[in-house]
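Okay, model.cif now, which holds mmCIF, C-alpha atoms:
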```cif
data_entry
loop_
_atom_site.label_atom_id
_atom_site.label_comp_id
_atom_site.auth_asym_id
_atom_site.auth_seq_id
_atom_site.Cartn_x
_atom_site.Cartn_y
_atom_site.Cartn_z
CA MET A 26 39.14 182.71 123.54
CA THR A 27 39.81 183.33 119.85
CA ALA A 28 41.62 186.54 118.97
CA LEU A 29 40.26 189.04 116.47
CA ASP A 30 42.61 190.01 113.64
CA LEU A 31 42.03 193.71 112.93
CA VAL A 32 43.75 196.56 111.13
CA VAL A 33 44.36 200.13 112.22
CA THR A 34 42.00 202.39 110.25
CA ALA A 35 42.55 205.77 111.93
CA ILE A 36 44.94 207.45 114.37
CA ASP A 37 44.40 210.66 116.35
CA ASP A 38 47.45 212.20 118.00
CA SER A 39 45.91 215.62 118.65
CA MET A 40 46.24 215.23 122.44
CA ALA A 41 49.80 215.31 123.74
CA ASP A 42 51.03 211.85 124.83
CA VAL A 43 47.61 210.26 124.15
CA ARG A 44 46.96 208.28 120.99
CA SER A 45 43.39 207.42 119.98
CA LEU A 46 43.30 204.35 117.80
CA THR A 47 40.49 203.04 115.57
CA MET A 48 40.57 199.39 114.49
CA ALA A 49 38.30 197.33 112.24
CA ARG A 50 38.09 194.01 110.45
CA PRO A 51 39.91 194.01 107.09
CA ASP A 52 36.56 193.39 105.36
CA GLY A 53 34.75 196.06 107.40
CA GLY A 54 32.44 193.50 109.01
CA THR A 55 30.62 193.81 112.31
CA LEU A 56 32.56 193.20 115.51
CA PRO A 57 31.26 191.64 118.74
CA SER A 58 29.07 194.00 120.76
CA PHE A 59 30.18 194.84 124.28
CA THR A 60 28.92 196.02 127.64
CA PRO A 61 29.70 199.68 128.49
CA GLY A 62 32.91 199.84 130.51
CA SER A 63 34.45 196.92 128.59
CA HIS A 64 38.08 196.52 127.63
CA ILE A 65 39.99 194.55 125.04
CA VAL A 66 43.33 192.85 125.54
CA MET A 67 45.71 193.80 122.74
CA GLN A 68 48.87 191.96 121.81
CA CYS A 69 51.46 194.76 121.80
CA GLY A 70 54.62 193.21 120.46
CA GLY A 71 55.96 191.07 123.27
CA VAL A 72 53.38 192.12 125.88
CA ALA A 73 49.60 192.13 126.16
CA ASN A 74 47.70 195.03 127.72
CA ALA A 75 44.07 195.86 128.45
CA TYR A 76 42.53 199.06 127.07
CA SER A 77 39.03 200.46 127.59
CA LEU A 78 36.75 200.73 124.57
CA THR A 79 35.41 204.23 123.98
CA GLY A 80 33.16 203.79 120.93
CA ASP A 81 29.62 202.58 120.32
CA SER A 82 28.96 199.24 121.99
CA VAL A 83 26.05 197.84 119.93
CA HIS A 84 26.93 196.05 116.66
CA PRO A 85 30.11 198.09 116.17
CA THR A 86 32.10 198.00 112.95
CA GLN A 87 35.16 199.42 114.70
CA TYR A 88 36.82 199.42 118.10
CA GLU A 89 38.27 202.63 119.53
CA ILE A 90 40.77 203.03 122.36
CA SER A 91 42.87 205.88 123.76
CA VAL A 92 46.30 205.09 125.17
CA LEU A 93 48.58 207.27 127.27
CA GLU A 94 52.23 206.79 126.33
CA GLN A 95 54.23 205.59 129.34
CA PRO A 96 57.99 205.76 128.62
CA ASP A 97 58.81 203.77 131.76
CA GLY A 98 56.14 201.11 131.19
CA ALA A 99 56.46 197.54 129.89
CA GLY A 100 56.38 198.72 126.27
CA GLY A 101 52.75 198.27 125.28
CA SER A 102 51.94 201.96 125.05
CA ARG A 103 55.15 202.69 123.12
CA TRP A 104 54.27 199.92 120.65
CA ILE A 105 50.82 201.43 120.12
CA HIS A 106 52.28 204.90 119.65
CA ALA A 107 54.48 203.51 116.86
CA LEU A 108 51.60 201.97 114.87
CA GLN A 109 50.54 203.34 111.50
CA VAL A 110 47.26 203.20 109.58
CA GLY A 111 46.99 199.82 107.87
CA ASP A 112 49.05 197.94 110.45
CA PRO A 113 47.58 194.62 111.68
CA VAL A 114 46.64 194.20 115.35
CA SER A 115 45.40 191.23 117.34
CA VAL A 116 42.92 191.66 120.19
CA LEU A 117 40.86 189.40 122.40
CA PRO A 118 37.07 189.98 122.31
CA PRO A 119 35.69 192.60 124.73
CA ARG A 120 35.17 191.78 128.40
CA SER A 121 33.78 193.94 131.18
CA ALA A 122 34.37 194.14 134.91
CA PHE A 123 33.15 197.73 135.10
CA ALA A 124 29.64 197.62 133.68
CA PRO A 125 26.91 200.09 134.70
CA ILE A 126 24.42 198.72 137.22
CA LEU A 127 21.15 198.76 135.32
CA ARG A 128 18.99 199.04 138.44
CA ALA A 129 20.85 202.16 139.59
CA ARG A 130 18.71 205.26 139.98
CA ARG A 131 21.60 207.48 138.92
CA HIS A 132 25.15 206.90 137.66
CA LEU A 133 27.86 209.15 139.14
CA LEU A 134 31.05 208.84 137.08
CA ILE A 135 34.30 210.24 138.48
CA ALA A 136 37.58 210.00 136.59
CA ALA A 137 41.09 211.43 136.46
CA GLY A 138 43.47 211.63 133.51
CA ILE A 139 43.29 208.75 131.04
CA GLY A 140 40.91 207.09 133.52
CA VAL A 141 38.12 208.87 131.64
CA THR A 142 38.25 206.27 128.85
CA PRO A 143 35.86 203.66 130.34
CA MET A 144 33.47 206.48 131.24
CA ILE A 145 32.96 207.39 127.58
CA SER A 146 31.15 204.15 126.75
CA HIS A 147 29.14 204.58 129.99
CA LEU A 148 28.06 208.01 128.76
CA ARG A 149 27.15 206.67 125.31
CA SER A 150 24.97 204.00 126.91
CA ALA A 151 23.33 206.45 129.34
CA ARG A 152 22.44 208.76 126.46
CA GLN A 153 21.15 205.93 124.28
CA TRP A 154 18.92 204.45 126.98
CA GLY A 155 17.92 207.65 128.75
CA ARG A 156 19.63 206.83 132.02
CA GLU A 157 20.49 209.59 134.48
CA ALA A 158 24.24 210.22 134.73
CA GLU A 159 26.69 212.82 136.00
CA LEU A 160 30.43 213.11 135.33
CA LEU A 161 33.28 214.73 137.28
CA TYR A 162 36.58 214.72 135.40
CA LEU A 163 39.95 215.90 136.73
CA HIS A 164 42.89 216.36 134.38
CA ARG A 165 46.05 218.41 134.10
CA PRO A 166 45.77 221.69 132.18
CA GLY A 167 45.85 220.99 128.46
CA ARG A 168 45.72 217.22 129.01
CA GLY A 169 42.00 216.49 128.97
CA ALA A 170 41.09 213.44 126.87
CA HIS A 171 37.75 213.05 125.06
CA LEU A 172 36.52 216.51 126.02
CA ASN A 173 34.59 216.84 122.74
CA ASP A 174 32.88 213.49 123.36
CA ILE A 175 31.97 214.54 126.89
CA ALA A 176 30.46 217.81 125.67
CA ALA A 177 28.42 215.95 123.05
CA LEU A 178 27.21 213.16 125.32
CA ILE A 179 26.27 214.82 128.61
CA ASP A 180 25.21 218.19 129.98
CA ALA A 181 25.82 217.24 133.62
CA ALA A 182 29.63 217.25 133.43
CA ARG A 183 32.07 219.16 135.58
CA VAL A 184 35.66 219.31 134.37
CA PHE A 185 38.49 220.32 136.71
CA THR A 186 42.14 221.14 136.03
CA GLN A 187 43.08 221.77 139.68
CA ARG A 188 42.96 218.99 142.28
CA ALA A 189 42.07 221.45 145.05
CA ASP A 190 38.99 222.63 143.14
CA PHE A 191 37.92 219.03 142.51
CA LEU A 192 38.31 218.04 146.17
CA ALA A 193 36.40 221.14 147.27
CA ALA A 194 33.44 220.22 145.06
CA LEU A 195 33.47 216.49 145.81
CA PRO A 196 31.72 216.36 149.24
CA ASP A 197 28.67 218.26 148.01
CA VAL A 198 28.39 216.08 144.91
CA LEU A 199 28.63 212.88 146.93
CA SER A 200 26.16 214.02 149.60
CA THR A 201 23.42 215.20 147.22
CA GLN A 202 23.00 212.11 145.04
CA PRO A 203 19.55 210.48 145.21
CA PHE A 204 19.15 207.21 147.09
CA GLY A 205 19.97 204.29 144.82
CA SER A 206 22.78 206.04 142.96
CA HIS A 207 25.93 204.13 142.03
CA LEU A 208 29.46 205.55 141.89
CA TYR A 209 32.04 204.57 139.26
CA LEU A 210 35.73 205.51 139.62
CA CYS A 211 38.75 205.24 137.38
CA GLY A 212 42.15 206.90 137.68
CA PRO A 213 45.43 206.73 139.61
CA THR A 214 45.47 204.84 142.90
CA THR A 215 45.74 207.89 145.19
CA PHE A 216 42.90 209.59 143.34
CA ILE A 217 40.65 206.56 143.70
CA ASP A 218 41.55 206.11 147.37
CA ASP A 219 40.72 209.77 148.11
CA VAL A 220 37.33 209.57 146.39
CA VAL A 221 36.42 206.24 147.99
CA ALA A 222 37.30 207.63 151.43
CA ALA A 223 35.14 210.70 150.79
CA ALA A 224 32.27 208.54 149.58
CA VAL A 225 32.42 206.30 152.66
CA ASP A 226 32.51 209.41 154.87
CA ASN A 227 29.31 210.52 153.14
CA GLY A 228 27.55 207.23 153.82
CA TRP A 229 28.06 205.40 150.54
CA PRO A 230 28.03 201.60 151.03
CA GLN A 231 30.81 199.66 149.32
CA SER A 232 28.20 197.82 147.25
CA ARG A 233 27.46 201.05 145.37
CA ILE A 234 31.11 201.99 144.72
CA HIS A 235 32.68 200.48 141.60
CA VAL A 236 36.38 200.90 140.84
CA GLU A 237 38.60 200.28 137.82
CA ARG A 238 42.30 200.72 138.48
CA PHE A 239 45.21 201.07 136.06
CA GLY A 240 46.26 197.43 135.95
CA VAL A 241 48.57 195.45 138.18
CA GLY A 242 50.87 198.40 138.81
CA ALA A 243 48.10 200.05 140.81
CA LEU A 244 47.85 197.15 143.28
CA ASP A 245 49.50 197.11 146.69
CA PRO A 246 52.15 194.41 147.19
CA GLY A 247 49.97 192.39 149.55
CA GLU A 248 50.91 190.15 152.48
CA PRO A 249 53.05 186.99 152.07
CA PHE A 250 51.24 183.68 152.01
CA THR A 251 51.85 179.97 151.48
CA VAL A 252 50.41 177.98 148.60
CA LYS A 253 50.06 174.20 148.86
CA LEU A 254 50.00 172.17 145.66
CA ALA A 255 47.49 169.38 146.20
CA ASN A 256 48.80 167.02 143.52
CA SER A 257 52.38 166.92 144.84
CA GLY A 258 51.87 167.98 148.46
CA THR A 259 54.62 170.59 148.17
CA SER A 260 54.32 174.12 149.50
CA ILE A 261 55.62 177.41 148.08
CA THR A 262 55.96 180.78 149.80
CA VAL A 263 54.63 183.78 147.90
CA ASP A 264 56.39 186.87 149.23
CA SER A 265 54.97 190.38 149.44
CA GLY A 266 55.28 192.10 146.06
CA VAL A 267 55.61 188.77 144.23
CA SER A 268 52.64 187.36 142.33
CA LEU A 269 51.42 183.79 142.69
CA LEU A 270 52.22 183.34 139.00
CA GLU A 271 55.82 184.49 139.50
CA ALA A 272 56.29 182.26 142.54
CA LEU A 273 54.99 179.22 140.67
CA GLU A 274 57.22 179.96 137.68
CA THR A 275 60.26 180.33 139.94
CA ALA A 276 59.45 176.92 141.42
CA GLY A 277 59.50 175.39 137.93
CA HIS A 278 55.79 175.28 137.10
CA ALA A 279 54.78 176.35 133.59
CA ILE A 280 51.53 178.28 133.97
CA PRO A 281 49.74 179.52 130.82
CA ASN A 282 49.64 183.31 130.84
CA LEU A 283 49.34 186.27 128.52
CA CYS A 284 48.55 189.72 129.94
CA ARG A 285 49.82 189.32 133.53
CA GLN A 286 47.31 192.05 134.49
CA GLY A 287 44.26 190.00 135.49
CA VAL A 288 42.26 190.64 132.33
CA CYS A 289 42.83 187.84 129.79
CA GLY A 290 41.95 184.76 131.87
CA GLU A 291 44.90 182.63 130.71
CA CYS A 292 46.41 181.99 134.17
CA ARG A 293 43.20 180.84 135.86
CA LEU A 294 43.92 178.11 138.42
CA THR A 295 41.57 175.87 140.40
CA VAL A 296 41.42 176.49 144.16
CA SER A 297 40.73 173.59 146.53
CA GLY A 298 41.23 175.42 149.82
CA GLY A 299 41.63 178.89 151.26
CA GLU A 300 39.94 182.24 150.68
CA VAL A 301 40.90 184.21 147.60
CA GLN A 302 41.41 187.97 147.55
CA HIS A 303 40.27 188.62 144.00
CA ARG A 304 42.00 191.48 142.17
CA ASP A 305 41.33 190.53 138.57
CA MET A 306 39.01 191.93 135.92
CA TYR A 307 38.25 188.56 134.33
CA LEU A 308 36.21 186.42 136.73
CA THR A 309 32.50 187.15 137.03
CA ASP A 310 30.89 187.96 140.38
CA ALA A 311 29.49 184.40 140.40
CA ASP A 312 32.96 182.96 139.78
CA LYS A 313 34.39 184.99 142.64
CA ALA A 314 31.56 184.02 144.98
CA ALA A 315 32.17 180.33 144.23
CA GLY A 316 35.71 180.71 145.55
CA ASP A 317 37.17 177.89 143.44
CA ALA A 318 39.28 179.90 141.02
CA ILE A 319 42.13 182.41 141.15
CA MET A 320 43.89 184.51 138.55
CA ALA A 321 47.49 183.79 139.48
CA CYS A 322 48.97 186.97 137.99
CA VAL A 323 47.25 189.45 140.32
CA SER A 324 45.07 187.85 143.00
CA ARG A 325 46.23 186.84 146.47
CA VAL A 326 44.65 185.25 149.56
CA ALA A 327 42.61 186.70 152.40
CA SER A 328 44.29 184.41 154.96
CA THR A 329 47.79 182.94 155.09
CA GLU A 330 47.42 179.75 153.03
CA LEU A 331 45.94 178.68 149.70
CA GLU A 332 45.60 175.18 148.25
CA LEU A 333 45.61 174.66 144.48
CA LYS A 334 44.71 171.64 142.37
CA LEU A 335 48.12 171.69 140.76
#
```
Take the structure in this file and express it as structure tokens.
Amino acid sequence: MTALDLVVTAIDDSMADVRSLTMARPDGGTLPSFTPGSHIVMQCGGVANAYSLTGDSVHPTQYEISVLEQPDGAGGSRWIHALQVGDPVSVLPPRSAFAPILRARRHLLIAAGIGVTPMISHLRSARQWGREAELLYLHRPGRGAHLNDIAALIDAARVFTQRADFLAALPDVLSTQPFGSHLYLCGPTTFIDDVVAAAVDNGWPQSRIHVERFGVGALDPGEPFTVKLANSGTSITVDSGVSLLEALETAGHAIPNLCRQGVCGECRLTVSGGEVQHRDMYLTDADKAAGDAIMACVSRVASTELELKL
């Protein structure tokens, strides 16, 4: 996948700890269109991170992202918060694992904190195509991102600054959606888990619940498993909390990788046996159903053993 060489054209630091960044081609040309809910992978100094696109998705001339600064993170957000207008940036073309379901009768969007970012492109699409949507957004007082965009894009939005108020309103919202509605969630792990549990309690099938988590840090450590390398016949143990990629690297195998968050596709490996527990945002639903590929940086196995063509 060929990277796009862009420049920073605008910076908005009006929200505390959140930087909104606008990027474009140096010649101002059109960028690849994208599906609502898409992200780009940006090379942030020595790391690569995925960030949701918040701007217009059809024939865009600029890409827009909003990034929460995380002082204890791997450094990507700090790198972005140090950029200046005119600085060059390199990003991979947009990819989506959180697209709106076009056949849905209604789109219920629920987000917390910076998790609102993928919802903004959902709202732009719903407004453009006349699709029915509703948004619930929970944020800390004074820390709401994209509130002006939300007000401009949708009337059916409820914004909360107290978790208790949000949780009190949630059951009624979930229980009164028309049949055929789909639910989209993005935010911290505990927030997502609480909403998913409430949705299941209200009869929502898993097939109508769509989740986007905050990268690999939001994943549970998983159970240990054994990976067999078909070419050599050797076996490696992948411990709980250790990725398949890390285990292979420790054993001396050089595996191509970039983002280490399941979004760029660089560490895709071929599976010849075992059932994969997919956790990535790169493989399509068809890829996952085929069961012959795994993203080594985040995905694990649904049993105790995996065989790779390696």
- Task: To verify the selection step, state as a PyMOL selection string which residues the PyMOL selection byres ((chain A and resi 205) around 7) yields on this input.
- Result: chain A and resi 129-131+203-204+206-207
- Would you please work out which residue, of A:Ile261, A:Val221, A:Leu46, A:Cys69, is nearest to A:Gly100 when using all atoms listed in the file? A:Cys69
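Around A:Val83, within 9 Å and counting all atoms listed in the file, the residues found are A:Pro57, A:Ser58, A:Phe59, A:Thr60, once anything fewer than 4 positions away on its own chain is removed.
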- Task: Taking the file as shown, find all residues satisfying the PyMOL selection byres ((chain A and resi 161-175) around 9) and write them as an MDAnalysis selection string.
- Result: chainID A and resid 40:43 91 133:142 145 148 159:160 176:188 191 195
- Query: What is the atom CA of A:Gly80-atom CA of A:Gly155 distance in Å, reported with one decimal?
  - Reply: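 We find that atom CA of A:Gly80 and atom CA of A:Gly155 lie 17.6 Å from each other.
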- When the PyMOL selection byres ((chain A and resi 291) around 10) is applied to the file above, which residues end up in the set, as number ranges by chain? A: 26, 280-285, 287-290, 292-294, 307, 320-322
Around all of stretch 88-100 of chain A's listed atoms, make the axis-aligned box with 5 Å on each side and tell me centre and edge lengths in Å to one decimal, as JSON.
```
{"center_x": 47.8, "center_y": 202.4, "center_z": 124.9, "size_x": 32.0, "size_y": 19.7, "size_z": 23.7}
```
- Message: At a cut-off of 12 Å, using only C-alpha atoms, what residues contact A:Ser328? Leave out same-chain residues fewer than 3 positions from it and give the result as a ChimeraX atom specification.
- Response: /A:247-252,298-302,325,331-332
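As for atom CA of A:Ala75 and atom CA of A:Val32, they are spaced 17.3 Å apart.
Nearest residue to A:Leu273 among A:Gly111, A:Thr329, A:Leu335, A:Asp312 is A:Leu335, counting all atoms listed in the file.
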- Two-atom distance - atom CA of A:Ser82, atom CA of A:Ala122 (Å): 14.9 Å
- Item | Selection: 10 Å around A:Ala224, all atoms listed in the file, excl. self and same-chain fewer than 2 positions, as a list of chain:residue names |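 What passes the distance filter is A:Leu195, A:Pro196, A:Val198, A:Leu199, A:Ser200, A:Leu208, A:Asp218, A:Asp219, A:Val220, A:Val221, A:Ala222, A:Asp226, A:Asn227, A:Gly228, A:Trp229, A:Pro230, A:Gln231, A:Arg233, A:Ile234.
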- Please provide as a PyMOL selection string all residues within 6 Å of stretch 115-118 of chain A, with the sequence filter that same-chain residues fewer than 3 positions apart are discarded (counting all atoms listed in the file). chain A and resi 28-30+65-68
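Each of A:Ile126, A:Ala107, A:Ala193, A:Val72 was checked against A:Val92 using all atoms listed in the file; the smallest atom-to-atom distance is that of A:Ala107.
Closest to A:Ser297 among A:Ala255, A:Val326, A:Ala279, A:Leu269 is A:Ala255, based on all atoms listed in the file.
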- Message: Using all atoms listed in the file, can you tell me which of A:Leu56, A:Thr214, A:Gly277, A:Arg44 comes closest to A:Gln95?
- Response: A:Arg44
- Nearest to A:Ser77: which of A:Leu192, A:Cys211, A:Ala276, A:Ile36 is it, counting only C-alpha atoms? A:Cys211
- Query: Which residues, written as a ChimeraX atom specification, have at least one atom at most 6 Å from A:Pro61, with only C-alpha atoms counted and residues fewer than 3 positions away on the same chain left out?
  - Reply: /A:124,146-147
